[in-house]
file input.csv (CSV, C-alpha atoms)
chain,number,residue,atom,x,y,z
A,15,MET,CA,78.8,148.3,-82.3
A,16,ARG,CA,75.8,146.4,-83.5
A,17,ASP,CA,76.9,143.2,-85.4
A,18,ARG,CA,80.4,144.7,-86.0
A,19,THR,CA,82.2,142.1,-83.9
A,20,ALA,CA,81.8,138.4,-83.3
A,21,VAL,CA,82.9,135.5,-81.1
A,22,VAL,CA,84.9,133.2,-83.4
A,23,GLY,CA,86.5,130.8,-80.9
A,24,ILE,CA,85.4,129.1,-77.7
A,25,GLY,CA,87.4,126.9,-75.3
A,26,THR,CA,86.9,125.2,-72.0
A,27,THR,CA,88.8,123.0,-69.7
A,28,GLU,CA,87.4,120.0,-67.8
A,29,PHE,CA,85.0,121.0,-65.0
A,30,ALA,CA,85.3,119.3,-61.6
A,31,LYS,CA,85.0,119.7,-57.9
A,32,GLU,CA,88.8,119.9,-57.6
A,33,LEU,CA,91.4,119.9,-60.4
A,34,PRO,CA,95.2,119.7,-59.8
A,35,SER,CA,96.1,122.5,-62.3
A,36,THR,CA,96.7,126.0,-61.1
A,37,GLU,CA,94.3,128.8,-62.0
A,38,ARG,CA,97.0,130.1,-64.4
A,39,ARG,CA,97.4,126.7,-66.1
A,40,LEU,CA,93.6,126.4,-66.5
A,41,ALA,CA,93.4,129.8,-68.1
A,42,LEU,CA,96.2,129.0,-70.5
A,43,GLU,CA,94.5,125.7,-71.5
A,44,ALA,CA,91.1,127.4,-72.1
A,45,ILE,CA,92.5,130.3,-74.1
A,46,ALA,CA,94.7,128.0,-76.2
A,47,ALA,CA,91.7,125.8,-77.0
A,48,ALA,CA,89.6,128.9,-78.0
A,49,LEU,CA,92.4,130.1,-80.4
A,50,ASP,CA,92.6,126.6,-81.9
A,51,ASP,CA,88.8,126.6,-82.3
A,52,ALA,CA,89.0,130.0,-84.0
A,53,GLY,CA,91.9,129.1,-86.3
A,54,ILE,CA,93.9,132.1,-85.1
A,55,ARG,CA,97.6,132.1,-84.1
A,56,PRO,CA,98.5,133.3,-80.6
A,57,ASP,CA,100.8,135.9,-82.0
A,58,GLU,CA,97.8,137.6,-83.7
A,59,VAL,CA,96.2,138.3,-80.3
A,60,ASP,CA,96.6,142.0,-79.3
A,61,GLY,CA,93.7,142.4,-76.8
A,62,MET,CA,92.9,140.8,-73.4
A,63,SER,CA,90.0,141.1,-71.0
A,64,CYS,CA,89.3,139.3,-67.8
A,65,TYR,CA,87.8,139.5,-64.3
A,66,SER,CA,89.4,141.7,-61.7
A,67,MET,CA,89.5,138.8,-59.3
A,68,GLU,CA,91.7,136.7,-61.6
A,69,SER,CA,94.9,135.6,-60.0
A,70,THR,CA,96.2,135.2,-63.6
A,71,GLU,CA,98.1,138.2,-64.9
A,72,GLU,CA,98.0,139.4,-68.5
A,73,ILE,CA,101.8,139.4,-68.8
A,74,ASP,CA,101.9,135.7,-67.7
A,75,ILE,CA,99.1,134.7,-70.2
A,76,ALA,CA,100.7,136.7,-73.1
A,77,ARG,CA,104.2,135.4,-72.5
A,78,ASN,CA,103.2,131.7,-72.0
A,79,LEU,CA,101.0,131.6,-75.0
A,80,GLY,CA,103.2,133.7,-77.3
A,81,PHE,CA,101.0,136.7,-77.9
A,82,GLY,CA,102.3,139.6,-80.0
A,83,ASP,CA,102.2,143.3,-78.9
A,84,VAL,CA,99.1,143.7,-76.8
A,85,THR,CA,97.4,147.1,-77.3
A,86,TYR,CA,94.3,146.7,-75.2
A,87,PHE,CA,93.9,145.0,-71.8
A,88,GLY,CA,91.2,145.5,-69.1
A,89,LYS,CA,89.4,144.0,-66.2
A,90,VAL,CA,85.8,144.0,-64.9
A,91,PRO,CA,84.9,143.5,-61.3
A,92,TYR,CA,81.9,142.0,-59.3
A,93,GLY,CA,82.4,138.3,-59.9
A,94,GLY,CA,79.1,136.9,-61.2
A,95,GLY,CA,78.3,140.3,-62.7
A,96,ALA,CA,81.5,140.6,-64.8
A,97,GLY,CA,81.3,137.9,-67.5
A,98,CYS,CA,79.3,139.7,-70.1
A,99,GLY,CA,81.1,142.9,-69.4
A,100,VAL,CA,84.5,141.2,-69.9
A,101,VAL,CA,83.4,140.0,-73.4
A,102,GLY,CA,81.5,143.2,-74.2
A,103,GLN,CA,84.5,145.5,-73.4
A,104,ALA,CA,86.8,143.3,-75.5
A,105,ALA,CA,84.3,143.6,-78.4
A,106,MET,CA,84.2,147.4,-77.9
A,107,ALA,CA,88.0,147.5,-78.1
A,108,VAL,CA,87.9,145.6,-81.3
A,109,ALA,CA,85.2,147.7,-82.8
A,110,ALA,CA,87.1,150.9,-81.8
A,111,GLY,CA,90.3,149.7,-83.4
A,112,GLN,CA,92.2,149.4,-80.1
A,113,CYS,CA,93.0,145.8,-81.1
A,114,SER,CA,92.1,143.4,-83.8
A,115,VAL,CA,91.9,140.0,-82.0
A,116,ALA,CA,90.9,139.9,-78.3
A,117,VAL,CA,90.6,137.0,-75.8
A,118,ALA,CA,88.4,137.1,-72.8
A,119,TRP,CA,88.4,134.4,-70.1
A,120,ARG,CA,87.6,133.3,-66.6
A,121,SER,CA,89.7,130.8,-64.7
A,122,ARG,CA,88.5,129.6,-61.3
A,123,LYS,CA,89.8,127.5,-58.4
A,124,ARG,CA,87.0,127.6,-55.9
A,125,GLY,CA,85.8,123.9,-55.7
A,126,ALA,CA,87.6,123.2,-52.5
A,127,ARG,CA,85.7,124.4,-49.4
A,128,SER,CA,88.7,126.2,-47.9
A,129,SER,CA,89.1,128.4,-51.1
A,130,ARG,CA,85.7,130.1,-50.7
A,131,PRO,CA,85.8,133.7,-49.5
A,132,TRP,CA,83.4,133.1,-46.6
A,133,ALA,CA,85.6,130.3,-45.3
A,134,GLY,CA,88.1,132.9,-44.0
A,135,VAL,CA,86.4,133.2,-40.6
A,136,ALA,CA,89.5,134.6,-39.0
A,137,GLN,CA,89.5,137.7,-41.2
A,138,ARG,CA,88.0,140.9,-39.9
A,139,VAL,CA,84.9,142.1,-41.7
A,140,GLY,CA,84.7,145.7,-42.9
A,141,GLY,CA,82.8,148.1,-45.1
A,142,ASP,CA,79.1,147.7,-45.7
A,143,GLN,CA,79.2,144.1,-44.6
A,144,GLN,CA,80.3,145.2,-41.2
A,145,ARG,CA,77.4,147.6,-40.8
A,146,TRP,CA,74.5,146.1,-42.7
A,147,THR,CA,74.7,142.4,-43.2
A,148,ARG,CA,77.1,140.2,-41.2
A,149,PRO,CA,75.9,141.3,-37.7
A,150,PHE,CA,72.4,140.2,-38.7
A,151,GLY,CA,73.3,136.7,-39.9
A,152,LEU,CA,73.8,137.3,-43.6
A,153,LEU,CA,77.1,135.5,-43.8
A,154,ARG,CA,77.1,134.0,-47.3
A,155,PRO,CA,75.7,135.1,-50.7
A,156,VAL,CA,72.9,132.4,-50.3
A,157,ASP,CA,71.8,134.2,-47.1
A,158,GLU,CA,71.5,137.5,-48.9
A,159,ILE,CA,69.5,136.1,-51.8
A,160,ALA,CA,67.3,134.1,-49.4
A,161,VAL,CA,66.0,137.4,-48.0
A,162,LEU,CA,65.1,138.6,-51.6
A,163,THR,CA,63.5,135.3,-52.3
A,164,ARG,CA,61.3,135.5,-49.3
A,165,ARG,CA,60.2,139.0,-50.2
A,166,TYR,CA,59.4,137.8,-53.7
A,167,MET,CA,57.3,135.0,-52.4
A,168,HIS,CA,55.4,137.3,-50.0
A,169,THR,CA,54.8,139.9,-52.7
A,170,TYR,CA,54.0,137.8,-55.7
A,171,GLY,CA,53.0,134.4,-54.4
A,172,GLY,CA,56.1,132.6,-55.7
A,173,THR,CA,56.4,129.0,-54.5
A,174,ARG,CA,59.0,126.3,-54.0
A,175,ASP,CA,57.6,124.5,-57.0
A,176,HIS,CA,58.7,127.5,-59.1
A,177,LEU,CA,62.2,127.3,-57.7
A,178,ALA,CA,62.1,123.6,-58.3
A,179,ASN,CA,61.2,124.2,-61.9
A,180,VAL,CA,64.5,126.1,-62.4
A,181,ALA,CA,66.6,123.5,-60.7
A,182,LEU,CA,65.0,120.6,-62.6
A,183,ALA,CA,65.3,122.3,-66.0
A,184,ALA,CA,69.0,122.9,-65.4
A,185,ARG,CA,69.5,119.3,-64.4
A,186,ARG,CA,67.6,117.8,-67.3
A,187,HIS,CA,69.6,119.9,-69.7
A,188,ALA,CA,72.8,118.8,-67.9
A,189,ASN,CA,71.8,115.1,-68.3
A,190,ALA,CA,72.3,115.5,-72.1
A,191,ASN,CA,75.7,117.3,-71.7
A,192,PRO,CA,78.7,115.0,-71.3
A,193,ALA,CA,80.8,117.9,-70.0
A,194,ALA,CA,78.4,118.7,-67.1
A,195,THR,CA,79.6,117.8,-63.6
A,196,MET,CA,76.0,116.8,-62.7
A,197,GLY,CA,75.2,115.3,-66.0
A,198,HIS,CA,75.2,111.8,-64.7
A,199,LYS,CA,72.8,112.5,-61.8
A,200,VAL,CA,69.0,112.7,-62.4
A,201,LEU,CA,67.1,115.0,-60.1
A,202,THR,CA,63.4,114.5,-59.2
A,203,ARG,CA,60.9,117.0,-57.8
A,204,GLN,CA,60.6,114.7,-54.7
A,205,GLU,CA,64.3,114.8,-54.2
A,206,TYR,CA,64.3,118.6,-54.6
A,207,LEU,CA,61.5,119.1,-52.0
A,208,ALA,CA,63.2,116.7,-49.5
A,209,ALA,CA,66.6,118.4,-49.7
A,210,ARG,CA,68.2,120.1,-46.7
A,211,TRP,CA,67.9,123.8,-46.2
A,212,ILE,CA,71.0,125.9,-47.0
A,213,SER,CA,69.3,129.2,-46.2
A,214,GLU,CA,65.5,128.9,-46.0
A,215,PRO,CA,63.6,129.1,-48.4
A,216,LEU,CA,66.6,128.0,-50.5
A,217,CYS,CA,67.5,124.3,-50.3
A,218,LEU,CA,70.6,122.4,-51.5
A,219,PHE,CA,69.4,122.3,-55.1
A,220,ASP,CA,68.7,126.0,-55.3
A,221,ASN,CA,72.4,126.7,-55.2
A,222,CYS,CA,75.1,126.7,-57.9
A,223,LEU,CA,78.0,124.3,-57.9
A,224,GLU,CA,81.5,125.2,-56.8
A,225,THR,CA,83.8,124.3,-59.6
A,226,ASP,CA,87.4,124.4,-60.8
A,227,GLY,CA,87.9,125.1,-64.5
A,228,ALA,CA,88.2,127.8,-67.1
A,229,CYS,CA,86.5,129.1,-70.2
A,230,ALA,CA,87.6,131.5,-72.9
A,231,VAL,CA,86.4,133.2,-76.1
A,232,VAL,CA,88.1,134.9,-79.0
A,233,ILE,CA,86.6,138.1,-80.5
A,234,THR,CA,87.4,139.8,-83.8
A,235,THR,CA,85.7,141.9,-86.5
A,236,THR,CA,82.7,140.4,-88.2
A,237,GLU,CA,84.4,141.0,-91.6
A,238,ARG,CA,87.3,138.7,-90.6
A,239,ALA,CA,85.0,136.3,-88.7
A,240,ARG,CA,83.4,135.3,-92.0
A,241,ASP,CA,86.7,133.9,-93.3
A,242,LEU,CA,87.4,131.7,-90.2
A,243,PRO,CA,86.4,128.1,-89.7
A,244,GLN,CA,83.6,128.5,-87.2
A,245,PRO,CA,80.2,130.1,-87.7
A,246,PRO,CA,80.5,133.5,-86.1
A,247,ALA,CA,78.3,134.5,-83.2
A,248,LEU,CA,77.7,138.2,-83.9
A,249,ILE,CA,77.6,140.5,-80.9
A,250,HIS,CA,74.3,142.2,-81.8
A,251,SER,CA,74.1,144.3,-78.6
A,252,TRP,CA,75.5,144.3,-75.1
A,253,ALA,CA,75.1,146.4,-71.9
A,254,GLN,CA,76.2,146.8,-68.4
A,255,SER,CA,74.4,148.2,-65.4
A,256,LEU,CA,75.2,149.6,-61.9
A,257,PRO,CA,71.8,151.1,-60.9
A,258,ALA,CA,71.4,154.1,-58.7
A,259,GLN,CA,71.7,153.5,-54.9
A,260,HIS,CA,72.9,149.9,-55.6
A,261,GLN,CA,74.3,147.8,-52.8
A,262,THR,CA,75.7,144.5,-54.0
A,263,MET,CA,73.3,141.5,-53.3
A,264,THR,CA,71.7,143.3,-50.4
A,265,ASN,CA,69.5,145.7,-52.3
A,266,PHE,CA,67.1,145.9,-49.3
A,267,PHE,CA,67.5,149.6,-48.6
A,268,CYS,CA,65.6,151.0,-51.6
A,269,ASP,CA,62.0,151.6,-52.6
A,270,ASP,CA,61.8,148.4,-54.7
A,271,PRO,CA,64.3,145.6,-53.7
A,272,LEU,CA,62.9,143.3,-56.4
A,273,ARG,CA,63.8,145.7,-59.2
A,274,GLY,CA,67.4,144.6,-59.5
A,275,PRO,CA,70.2,145.5,-61.9
A,276,ALA,CA,68.6,143.4,-64.7
A,277,TRP,CA,66.1,146.2,-65.3
A,278,ALA,CA,68.5,148.9,-66.1
A,279,CYS,CA,70.7,146.5,-68.0
A,280,ALA,CA,67.8,145.3,-70.1
A,281,GLU,CA,66.7,148.9,-70.9
A,282,LYS,CA,70.1,149.6,-72.4
A,283,LEU,CA,70.5,146.2,-74.1
A,284,TRP,CA,67.1,146.5,-76.0
A,285,SER,CA,67.7,150.1,-76.9
A,286,LEU,CA,70.8,149.1,-78.7
A,287,SER,CA,69.2,146.1,-80.5
A,288,GLU,CA,67.0,145.8,-83.5
A,289,VAL,CA,64.9,143.2,-81.7
A,290,GLY,CA,63.2,142.7,-78.4
A,291,PRO,CA,62.5,139.9,-75.8
A,292,ALA,CA,59.9,138.2,-78.0
A,293,ASP,CA,62.6,137.6,-80.7
A,294,VAL,CA,65.0,135.7,-78.4
A,295,ASP,CA,65.1,132.0,-79.1
A,296,VAL,CA,67.1,130.8,-76.2
A,297,ALA,CA,68.6,132.3,-73.0
A,298,GLN,CA,71.4,131.6,-70.6
A,299,LEU,CA,70.3,133.4,-67.4
A,300,TYR,CA,72.8,133.7,-64.6
A,301,ASP,CA,71.9,131.1,-62.0
A,302,ALA,CA,74.1,131.2,-58.9
A,303,PHE,CA,70.7,130.7,-57.2
A,304,SER,CA,67.4,129.5,-58.7
A,305,PRO,CA,65.4,132.7,-57.8
A,306,LEU,CA,67.8,134.8,-59.9
A,307,VAL,CA,66.5,133.1,-63.0
A,308,ILE,CA,62.9,134.0,-62.1
A,309,LEU,CA,63.9,137.6,-61.4
A,310,SER,CA,65.8,137.8,-64.7
A,311,LEU,CA,62.9,136.5,-66.7
A,312,GLU,CA,61.0,139.6,-65.4
A,313,GLY,CA,63.9,142.0,-65.6
A,314,TYR,CA,64.7,141.3,-69.2
A,315,GLY,CA,61.1,141.5,-70.3
A,316,PHE,CA,60.1,137.9,-71.0
A,317,CYS,CA,57.1,138.3,-68.7
A,318,GLU,CA,55.4,140.8,-66.5
A,319,ARG,CA,56.4,141.4,-62.8
A,320,GLY,CA,55.3,138.6,-60.6
A,321,GLU,CA,54.9,136.2,-63.6
A,322,GLY,CA,58.4,134.8,-63.5
A,323,GLY,CA,57.4,131.9,-61.3
A,324,PRO,CA,54.4,130.8,-63.4
A,325,PHE,CA,56.5,131.3,-66.6
A,326,THR,CA,58.6,128.3,-65.5
A,327,ASP,CA,55.5,126.0,-65.1
A,328,ASP,CA,54.8,123.1,-67.5
A,329,GLY,CA,58.4,123.0,-68.8
A,330,GLY,CA,58.3,126.7,-69.8
A,331,ILE,CA,62.1,127.0,-69.5
A,332,GLU,CA,63.0,123.6,-70.8
A,333,LEU,CA,63.9,122.5,-74.3
A,334,GLY,CA,60.7,122.8,-76.3
A,335,GLY,CA,59.2,125.3,-73.8
A,336,ARG,CA,58.3,129.0,-74.1
A,337,LEU,CA,62.0,130.0,-73.6
A,338,PRO,CA,64.7,127.3,-73.2
A,339,VAL,CA,67.0,128.5,-70.4
A,340,ASN,CA,70.5,127.3,-69.4
A,341,THR,CA,70.7,124.6,-72.0
A,342,SER,CA,74.1,123.3,-70.9
A,343,GLY,CA,72.9,122.9,-67.3
A,344,GLY,CA,74.1,126.3,-66.2
A,345,GLY,CA,75.8,127.1,-63.0
A,346,MET,CA,73.5,124.8,-61.1
A,347,SER,CA,74.2,121.6,-63.0
A,348,GLU,CA,77.0,122.1,-65.6
A,349,ALA,CA,79.7,124.1,-63.7
A,350,TYR,CA,80.0,127.4,-61.9
A,351,LEU,CA,82.6,129.7,-63.4
A,352,HIS,CA,80.9,133.0,-62.5
A,353,GLY,CA,78.7,132.6,-65.5
A,354,PHE,CA,81.4,132.3,-68.2
A,355,ASN,CA,80.3,128.8,-69.2
A,356,LEU,CA,76.9,130.4,-69.9
A,357,ILE,CA,78.6,132.7,-72.5
A,358,VAL,CA,80.2,129.7,-74.2
A,359,GLU,CA,76.8,127.9,-74.4
A,360,ALA,CA,75.1,131.1,-75.8
A,361,VAL,CA,77.7,131.0,-78.6
A,362,ARG,CA,77.1,127.3,-79.2
A,363,GLN,CA,73.4,127.9,-79.7
A,364,VAL,CA,73.8,130.3,-82.5
A,365,ARG,CA,76.5,128.0,-84.0
A,366,GLY,CA,74.0,125.1,-83.8
A,367,THR,CA,76.3,122.9,-81.8
A,368,SER,CA,74.7,122.7,-78.3
A,369,THR,CA,73.9,119.3,-76.8
A,370,ASN,CA,70.4,120.8,-76.2
A,371,GLN,CA,70.2,122.7,-79.5
A,372,VAL,CA,67.2,125.0,-80.0
A,373,ALA,CA,66.1,124.6,-83.7
A,374,ASP,CA,67.0,127.6,-85.9
A,375,ALA,CA,68.2,129.7,-82.9
A,376,GLY,CA,68.8,133.1,-84.4
A,377,PHE,CA,69.1,135.2,-81.2
A,378,SER,CA,70.8,133.9,-78.1
A,379,LEU,CA,70.8,136.0,-74.9
A,380,VAL,CA,73.2,135.6,-72.0
A,381,THR,CA,73.2,137.5,-68.7
A,382,SER,CA,75.5,138.0,-65.8
A,383,GLY,CA,74.5,138.1,-62.2
A,384,GLU,CA,71.3,139.5,-61.0
A,385,GLY,CA,71.7,141.3,-57.6
A,386,VAL,CA,75.2,142.6,-58.5
A,387,PRO,CA,76.4,145.2,-61.0
A,388,THR,CA,75.8,143.2,-64.1
A,389,GLY,CA,75.8,142.9,-67.9
A,390,ALA,CA,74.2,141.1,-70.8
A,391,ILE,CA,75.0,140.1,-74.4
A,392,LEU,CA,72.6,139.3,-77.3
A,393,PHE,CA,74.3,137.1,-79.8
A,394,ARG,CA,72.9,136.8,-83.4
A,395,ARG,CA,73.4,134.1,-85.9
A,396,ASP,CA,75.1,135.3,-89.1
A,397,ASP,CA,72.6,134.4,-91.8
call {"tool": "encode", "arguments": {"input": "input.csv", "output": "structure tokens"}}
result
Amino acid sequence: MRDRTAVVGIGTTEFAKELPSTERRLALEAIAAALDDAGIRPDEVDGMSCYSMESTEEIDIARNLGFGDVTYFGKVPYGGGAGCGVVGQAAMAVAAGQCSVAVAWRSRKRGARSSRPWAGVAQRVGGDQQRWTRPFGLLRPVDEIAVLTRRYMHTYGGTRDHLANVALAARRHANANPAATMGHKVLTRQEYLAARWISEPLCLFDNCLETDGACAVVITTTERARDLPQPPALIHSWAQSLPAQHQTMTNFFCDDPLRGPAWACAEKLWSLSEVGPADVDVAQLYDAFSPLVILSLEGYGFCERGEGGPFTDDGGIELGGRLPVNTSGGGMSEAYLHGFNLIVEAVRQVRGTSTNQVADAGFSLVTSGEGVPTGAILFRRDD
């Protein structure tokens, strides 16, 4: 599949704490915008790929936008882990000839407090949560990641300043992005350190936003991409990972809890690529919580184990640093759409159109959630 397909169109809606549109309407708006960006008619679309948790149905999207005969459609589960898989599987369908033009999207209505899964306190808990997490106080994703964070701090000497580096880098990038929901709010280290705990050692600013909105991309063959209006973002390699003995977000019951899904995903990603971590110019690392960025820096091979925290020092993940990360503001300061806005930003970087553009960005990495079954895509500029 290497370099045989490309993202040729990107589209987003407005991002906000609460939008009046339905999840379906948001999806339609984002996909329509992506098709306009690509210069492709809706009736040319014959492939569709989305999250399994979408309340939007393929038949509704296809009918409302006027798609032709759809010959491929699929879904990928695990929320924050699905984004790169959604795009990668659509690209695989195009490369295999199952379809010629595919759209992939994520539409989300979770800004309102009552819409979040853990708000359903009247619902009975079952499965692994009933046995291993909820009775012991791990009620929300942030509680589960807090345990891993404390283990990382104990094992490798990670500090709150390292976590602050992640949050501050995201906010500084957002401050230059007019579309970012936190773009107008400056964050200082003093404000970070004084913030209230959400689940110690994670404070308010270690958490992603909860956002309404939608993003979409259009994928086609590289050959066709070169005749379309936008510079193509070639899908150089992509991978998914569900490691052995994995338990989503509570990987405490294994020999090495800090060796998360990123490691297996990275091994496959780099094995399919002509390049390695040292060749990546910019990265969009999934950031539902700040420590996931540090774990991903190690898992994808940008530094050794235990060095993810110090890697962020001295502006290491800011524009001009060792590896600019989450240059749109990411899930922590732009918007949280289960990481799909990270994919859009990764495409912008190889197009050369980011609000925090990395000069001559040739390879742009984007990852999905660390701690859950995951995926990653390495985009390449078409020189």
call {"tool": "atom_distance", "arguments": {"input": "input.csv", "atom1": "CA of Pro257 (chain A)", "atom2": "CA of Lys282 (chain A)"}}
result
11.7 Å
call {"tool": "residues_near_point", "arguments": {"input": "input.csv", "point": "(70.3, 127.4, -75.3)", "cutoff": "10 Å", "atoms": "only C-alpha atoms", "output": "MDAnalysis selection string"}}
result
chainID A and resid 187 295:299 332:333 337:344 356 359:364 366:373 375 377:380
call {"tool": "closest_residue", "arguments": {"input": "input.csv", "among": "A:Arg319, A:Arg336, A:Arg55, A:Arg18", "to": "Thr169 (chain A)", "atoms": "all atoms listed in the file"}}
result
A:Arg319
call {"tool": "closest_residue", "arguments": {"input": "input.csv", "among": "A:Ala183, A:Phe303, A:Glu348, A:Ser310", "to": "Ala278 (chain A)", "atoms": "all atoms listed in the file"}}
result
A:Ser310
call {"tool": "atom_distance", "arguments": {"input": "input.csv", "atom1": "CA of Ser285 (chain A)", "atom2": "CA of Ala110 (chain A)"}}
result
20.0 Å
call {"tool": "atom_distance", "arguments": {"input": "input.csv", "atom1": "CA of Pro192 (chain A)", "atom2": "CA of Phe325 (chain A)"}}
result
27.9 Å
call {"tool": "closest_residue", "arguments": {"input": "input.csv", "among": "A:Leu392, A:Val358, A:Ala349, A:Cys317", "to": "Asp226 (chain A)", "atoms": "all atoms listed in the file"}}
result
A:Ala349
call {"tool": "closest_residue", "arguments": {"input": "input.csv", "among": "A:Arg164, A:Arg273, A:Arg203, A:His260", "to": "Pro215 (chain A)", "atoms": "only C-alpha atoms"}}
result
A:Arg164
call {"tool": "closest_residue", "arguments": {"input": "input.csv", "among": "A:Val386, A:Ala48, A:Ile357, A:Ile212", "to": "Tyr92 (chain A)", "atoms": "only C-alpha atoms"}}
result
A:Val386
call {"tool": "decode", "arguments": {"input": "input.csv", "residues": "region 314-368 of chain A", "atoms": "C-alpha atoms", "output": "PDB file, in the first residue's frame"}}
result
ATOM      1  CA  TYR A 314       6.886   5.277  18.546  1.00  0.00           C
ATOM      2  CA  GLY A 315      10.656   5.448  19.003  1.00  0.00           C
ATOM      3  CA  PHE A 316      11.369   9.163  19.292  1.00  0.00           C
ATOM      4  CA  CYS A 317      13.295   8.569  22.507  1.00  0.00           C
ATOM      5  CA  GLU A 318      14.267   5.741  24.851  1.00  0.00           C
ATOM      6  CA  ARG A 319      12.072   4.415  27.649  1.00  0.00           C
ATOM      7  CA  GLY A 320      11.871   6.825  30.540  1.00  0.00           C
ATOM      8  CA  GLU A 321      13.047   9.728  28.359  1.00  0.00           C
ATOM      9  CA  GLY A 322       9.636  10.897  27.174  1.00  0.00           C
ATOM     10  CA  GLY A 323       9.321  13.429  29.989  1.00  0.00           C
ATOM     11  CA  PRO A 324      12.725  15.106  29.473  1.00  0.00           C
ATOM     12  CA  PHE A 325      12.093  15.056  25.689  1.00  0.00           C
ATOM     13  CA  THR A 326       9.411  17.690  26.285  1.00  0.00           C
ATOM     14  CA  ASP A 327      11.752  20.045  28.205  1.00  0.00           C
ATOM     15  CA  ASP A 328      13.008  23.320  26.749  1.00  0.00           C
ATOM     16  CA  GLY A 329      10.243  23.505  24.151  1.00  0.00           C
ATOM     17  CA  GLY A 330      11.092  20.081  22.766  1.00  0.00           C
ATOM     18  CA  ILE A 331       7.583  19.447  21.416  1.00  0.00           C
ATOM     19  CA  GLU A 332       6.799  23.040  20.421  1.00  0.00           C
ATOM     20  CA  LEU A 333       7.240  24.670  17.024  1.00  0.00           C
ATOM     21  CA  GLY A 334      10.989  24.918  16.481  1.00  0.00           C
ATOM     22  CA  GLY A 335      11.717  22.124  18.970  1.00  0.00           C
ATOM     23  CA  ARG A 336      13.042  18.592  18.539  1.00  0.00           C
ATOM     24  CA  LEU A 337       9.643  17.319  17.325  1.00  0.00           C
ATOM     25  CA  PRO A 338       6.700  19.725  17.061  1.00  0.00           C
ATOM     26  CA  VAL A 339       3.651  17.898  18.447  1.00  0.00           C
ATOM     27  CA  ASN A 340      -0.076  18.648  18.124  1.00  0.00           C
ATOM     28  CA  THR A 341       0.436  21.789  16.129  1.00  0.00           C
ATOM     29  CA  SER A 342      -3.262  22.707  15.931  1.00  0.00           C
ATOM     30  CA  GLY A 343      -3.676  22.501  19.714  1.00  0.00           C
ATOM     31  CA  GLY A 344      -4.755  18.859  19.676  1.00  0.00           C
ATOM     32  CA  GLY A 345      -7.455  17.347  21.821  1.00  0.00           C
ATOM     33  CA  MET A 346      -6.371  19.402  24.798  1.00  0.00           C
ATOM     34  CA  SER A 347      -6.709  22.862  23.257  1.00  0.00           C
ATOM     35  CA  GLU A 348      -8.212  22.731  19.742  1.00  0.00           C
ATOM     36  CA  ALA A 349     -11.062  20.209  20.032  1.00  0.00           C
ATOM     37  CA  TYR A 350     -11.636  16.635  21.079  1.00  0.00           C
ATOM     38  CA  LEU A 351     -13.186  14.501  18.346  1.00  0.00           C
ATOM     39  CA  HIS A 352     -11.579  11.206  19.321  1.00  0.00           C
ATOM     40  CA  GLY A 353      -8.440  12.346  17.529  1.00  0.00           C
ATOM     41  CA  PHE A 354      -9.873  12.929  14.057  1.00  0.00           C
ATOM     42  CA  ASN A 355      -8.866  16.600  14.107  1.00  0.00           C
ATOM     43  CA  LEU A 356      -5.294  15.348  14.601  1.00  0.00           C
ATOM     44  CA  ILE A 357      -5.587  13.521  11.261  1.00  0.00           C
ATOM     45  CA  VAL A 358      -6.770  16.695   9.540  1.00  0.00           C
ATOM     46  CA  GLU A 359      -3.826  18.629  11.007  1.00  0.00           C
ATOM     47  CA  ALA A 360      -1.367  15.924   9.933  1.00  0.00           C
ATOM     48  CA  VAL A 361      -2.633  16.398   6.367  1.00  0.00           C
ATOM     49  CA  ARG A 362      -2.316  20.189   6.629  1.00  0.00           C
ATOM     50  CA  GLN A 363       1.328  19.849   7.616  1.00  0.00           C
ATOM     51  CA  VAL A 364       2.337  17.974   4.455  1.00  0.00           C
ATOM     52  CA  ARG A 365       0.173  20.369   2.410  1.00  0.00           C
ATOM     53  CA  GLY A 366       1.993  23.302   3.994  1.00  0.00           C
ATOM     54  CA  THR A 367      -1.183  24.991   5.273  1.00  0.00           C
ATOM     55  CA  SER A 368      -1.049  24.634   9.066  1.00  0.00           C
TER      56      SER A 368
END
